[in-house]
>>> print(open('run21.pdb').read())   # PDB, C-alpha atoms, pLDDT in the B column
ATOM      1  CA  MET A1261      -6.950 -14.643   8.769  1.00 61.00           C
ATOM      2  CA  GLN A1262     -10.111 -15.596   6.948  1.00 80.00           C
ATOM      3  CA  GLN A1263     -11.049 -15.407   3.285  1.00 80.00           C
ATOM      4  CA  GLU A1264     -13.844 -12.891   3.901  1.00 84.00           C
ATOM      5  CA  ASP A1265     -11.325 -10.553   5.600  1.00 86.00           C
ATOM      6  CA  ILE A1266      -9.091 -10.661   2.527  1.00 90.00           C
ATOM      7  CA  SER A1267     -12.093 -10.154   0.235  1.00 92.00           C
ATOM      8  CA  ARG A1268     -13.192  -7.122   2.253  1.00 93.00           C
ATOM      9  CA  VAL A1269      -9.685  -5.586   2.128  1.00 93.00           C
ATOM     10  CA  ARG A1270      -9.387  -6.353  -1.609  1.00 93.00           C
ATOM     11  CA  ALA A1271     -12.713  -4.606  -2.316  1.00 94.00           C
ATOM     12  CA  SER A1272     -11.686  -1.580  -0.247  1.00 93.00           C
ATOM     13  CA  VAL A1273      -8.308  -1.217  -1.990  1.00 94.00           C
ATOM     14  CA  HIS A1274      -9.893  -1.707  -5.437  1.00 93.00           C
ATOM     15  CA  GLN A1275     -12.385   1.066  -4.632  1.00 94.00           C
ATOM     16  CA  GLN A1276      -9.510   3.446  -3.740  1.00 93.00           C
ATOM     17  CA  CYS A1277      -7.498   2.970  -6.977  1.00 94.00           C
ATOM     18  CA  GLY A1278      -6.102   6.274  -8.244  1.00 94.00           C
ATOM     19  CA  ARG A1279      -6.309   7.969  -4.852  1.00 95.00           C
ATOM     20  CA  LYS A1280      -3.410   9.361  -2.857  1.00 95.00           C
ATOM     21  CA  VAL A1281      -2.496   7.489   0.330  1.00 95.00           C
ATOM     22  CA  LEU A1282      -0.012   7.826   3.147  1.00 95.00           C
ATOM     23  CA  ILE A1283       1.623   4.459   3.818  1.00 94.00           C
ATOM     24  CA  GLN A1284       3.502   3.372   6.899  1.00 94.00           C
ATOM     25  CA  LEU A1285       5.766   0.393   6.212  1.00 91.00           C
ATOM     26  CA  ASP A1286       6.983  -1.824   9.030  1.00 86.00           C
ATOM     27  CA  ARG A1287      10.547  -2.729   7.991  1.00 84.00           C
ATOM     28  CA  GLY A1288      11.288  -4.800  11.110  1.00 83.00           C
ATOM     29  CA  ARG A1289      13.578  -4.162  14.078  1.00 87.00           C
ATOM     30  CA  ASN A1290      11.636  -1.039  15.044  1.00 87.00           C
ATOM     31  CA  LYS A1291      12.182   0.562  11.636  1.00 89.00           C
ATOM     32  CA  VAL A1292       9.181   2.348  10.158  1.00 90.00           C
ATOM     33  CA  ASP A1293       9.136   4.052   6.767  1.00 90.00           C
ATOM     34  CA  VAL A1294       6.421   6.636   6.002  1.00 92.00           C
ATOM     35  CA  GLN A1295       5.804   7.576   2.363  1.00 91.00           C
ATOM     36  CA  GLU A1296       3.107   9.114   0.222  1.00 93.00           C
ATOM     37  CA  GLY A1297       1.941   7.491  -2.986  1.00 94.00           C
ATOM     38  CA  VAL A1298      -0.933   6.685  -5.315  1.00 96.00           C
ATOM     39  CA  ILE A1299      -2.662   3.311  -5.530  1.00 96.00           C
ATOM     40  CA  GLN A1300      -2.088   2.288  -9.149  1.00 95.00           C
ATOM     41  CA  LYS A1301      -3.716  -1.098  -9.714  1.00 94.00           C
ATOM     42  CA  ALA A1302      -5.459  -3.785  -7.699  1.00 94.00           C
ATOM     43  CA  TYR A1303      -4.897  -7.353  -8.837  1.00 94.00           C
ATOM     44  CA  PRO A1304      -6.418 -10.555  -7.405  1.00 93.00           C
ATOM     45  CA  SER A1305      -3.453 -11.240  -5.070  1.00 93.00           C
ATOM     46  CA  VAL A1306      -1.562  -7.941  -4.835  1.00 96.00           C
ATOM     47  CA  PHE A1307      -1.915  -4.187  -5.321  1.00 96.00           C
ATOM     48  CA  THR A1308       0.638  -1.608  -6.432  1.00 96.00           C
ATOM     49  CA  ILE A1309       1.455   1.866  -5.112  1.00 96.00           C
ATOM     50  CA  LEU A1310       3.510   4.434  -7.040  1.00 95.00           C
ATOM     51  CA  ILE A1311       5.828   6.437  -4.761  1.00 93.00           C
ATOM     52  CA  ASN A1312       7.107   9.730  -6.181  1.00 86.00           C
ATOM     53  CA  ASP A1313       8.708  12.146  -3.722  1.00 77.00           C
ATOM     54  CA  GLY A1314       9.283  14.804  -6.378  1.00 70.00           C
ATOM     55  CA  GLN A1315      13.054  14.912  -5.938  1.00 71.00           C
ATOM     56  CA  GLU A1316      15.004  14.509  -9.155  1.00 70.00           C
ATOM     57  CA  GLN A1317      17.687  12.246  -7.653  1.00 75.00           C
ATOM     58  CA  ASN A1318      15.008   9.751  -6.493  1.00 78.00           C
ATOM     59  CA  PRO A1319      13.161   8.118  -9.405  1.00 87.00           C
ATOM     60  CA  PRO A1320       9.535   7.009  -8.892  1.00 89.00           C
ATOM     61  CA  GLN A1321       9.171   3.575  -7.279  1.00 92.00           C
ATOM     62  CA  LEU A1322       6.405   1.064  -7.905  1.00 94.00           C
ATOM     63  CA  LEU A1323       5.857  -1.017  -4.770  1.00 93.00           C
ATOM     64  CA  SER A1324       3.620  -4.074  -4.555  1.00 95.00           C
ATOM     65  CA  PHE A1325       1.902  -5.456  -1.475  1.00 94.00           C
ATOM     66  CA  SER A1326      -0.394  -8.351  -0.731  1.00 94.00           C
ATOM     67  CA  TYR A1327      -3.752  -7.819   0.923  1.00 94.00           C
ATOM     68  CA  SER A1328      -2.592  -9.904   3.878  1.00 92.00           C
ATOM     69  CA  ASP A1329       0.082  -7.225   4.532  1.00 92.00           C
ATOM     70  CA  ILE A1330      -2.754  -4.892   5.541  1.00 93.00           C
ATOM     71  CA  ILE A1331      -4.406  -7.496   7.755  1.00 92.00           C
ATOM     72  CA  THR A1332      -1.133  -8.355   9.525  1.00 90.00           C
ATOM     73  CA  ARG A1333      -0.289  -4.625   9.818  1.00 90.00           C
ATOM     74  CA  ASP A1334       2.987  -4.868   7.910  1.00 90.00           C
ATOM     75  CA  ILE A1335       1.633  -1.862   6.016  1.00 94.00           C
ATOM     76  CA  ARG A1336      -0.824   0.762   7.221  1.00 94.00           C
ATOM     77  CA  MET A1337      -2.582   3.080   4.789  1.00 94.00           C
ATOM     78  CA  LYS A1338      -4.467   6.326   5.288  1.00 94.00           C
ATOM     79  CA  LEU A1339      -6.159   8.353   2.566  1.00 91.00           C
ATOM     80  CA  CYS A1340      -4.736  11.841   2.005  1.00 87.00           C
TER      81      CYS A1340
END
>>> encode(input="run21.pdb", output="structure tokens")
Amino acid sequence: MQQEDISRVRASVHQQCGRKVLIQLDRGRNKVDVQEGVIQKAYPSVFTILINDGQEQNPPQLLSFSYSDIITRDIRMKLC
């Protein structure tokens, strides 16, 4: 993993702030979680995604990820 790879991912995520994305989280042991959310903020080391499934019993969640999570494929994102 090189610094220019992280810089490229950081610039791409920063450009997509406010847009809806479909995220696929690798939870380990062959467990994959697919959720839809909105990229809230992009910080120098991490970015945040707000997950709101619209169900009243599930409150909105704010998840944070590092840019290296994208490079290592712990999280995969696709624009909706």
>>> resolve_selection(input="run21.pdb", expression="the PyMOL selection byres ((chain A and resi 1307) around 12)", output="ChimeraX atom specification")
/A:1269-1278,1298-1306,1308-1310,1322-1330
>>> axis_aligned_box(input="run21.pdb", around="region 1291-1297 of chain A", padding_each_side="4 Å", output="AutoDock Vina command-line options")
--center_x 7.1 --center_y 4.8 --center_z 4.3 --size_x 18.2 --size_y 16.6 --size_z 22.6
>>> residues_around(input="run21.pdb", residues="Met1337 (chain A)", least_positions_apart="6", cutoff="7 Å", atoms="all atoms listed in the file", output="compact mmCIF listing (two decimals) with C-alpha atoms, in the coordinates of the input")
# COMPACT_ATOMS: atom_id res chain seq x y z
CA VAL A 1281 -2.50 7.49 0.33
CA LEU A 1282 -0.01 7.83 3.15
CA ILE A 1283 1.62 4.46 3.82
CA GLN A 1284 3.50 3.37 6.90
>>> atom_distance(input="run21.pdb", atom1="CA of Asn1318 (chain A)", atom2="CA of Val1292 (chain A)")
19.1 Å
>>> atom_distance(input="run21.pdb", atom1="CA of Leu1339 (chain A)", atom2="CA of Arg1287 (chain A)")
20.8 Å
>>> atom_distance(input="run21.pdb", atom1="CA of Gln1317 (chain A)", atom2="CA of Asn1290 (chain A)")
27.0 Å
>>> resolve_selection(input="run21.pdb", expression="the PyMOL selection byres ((chain A and resi 1262) around 12)", output="list in words")
Met1261, Gln1263, Glu1264, Asp1265, Ile1266, Ser1267, Arg1268, Val1269, Tyr1327, Ser1328, Ile1331 and Thr1332 of chain A
>>> closest_residue(input="run21.pdb", among="A:Glu1296, A:Leu1285, A:Arg1333, A:Cys1340", to="Ile1311 (chain A)", atoms="all atoms listed in the file")
A:Glu1296
>>> closest_residue(input="run21.pdb", among="A:Asp1286, A:Arg1279, A:Asp1293, A:Pro1320", to="Ile1335 (chain A)", atoms="all atoms listed in the file")
A:Asp1286
>>> closest_residue(input="run21.pdb", among="A:Pro1319, A:Gly1314, A:Gly1297, A:Gly1288", to="Lys1338 (chain A)", atoms="all atoms listed in the file")
A:Gly1297
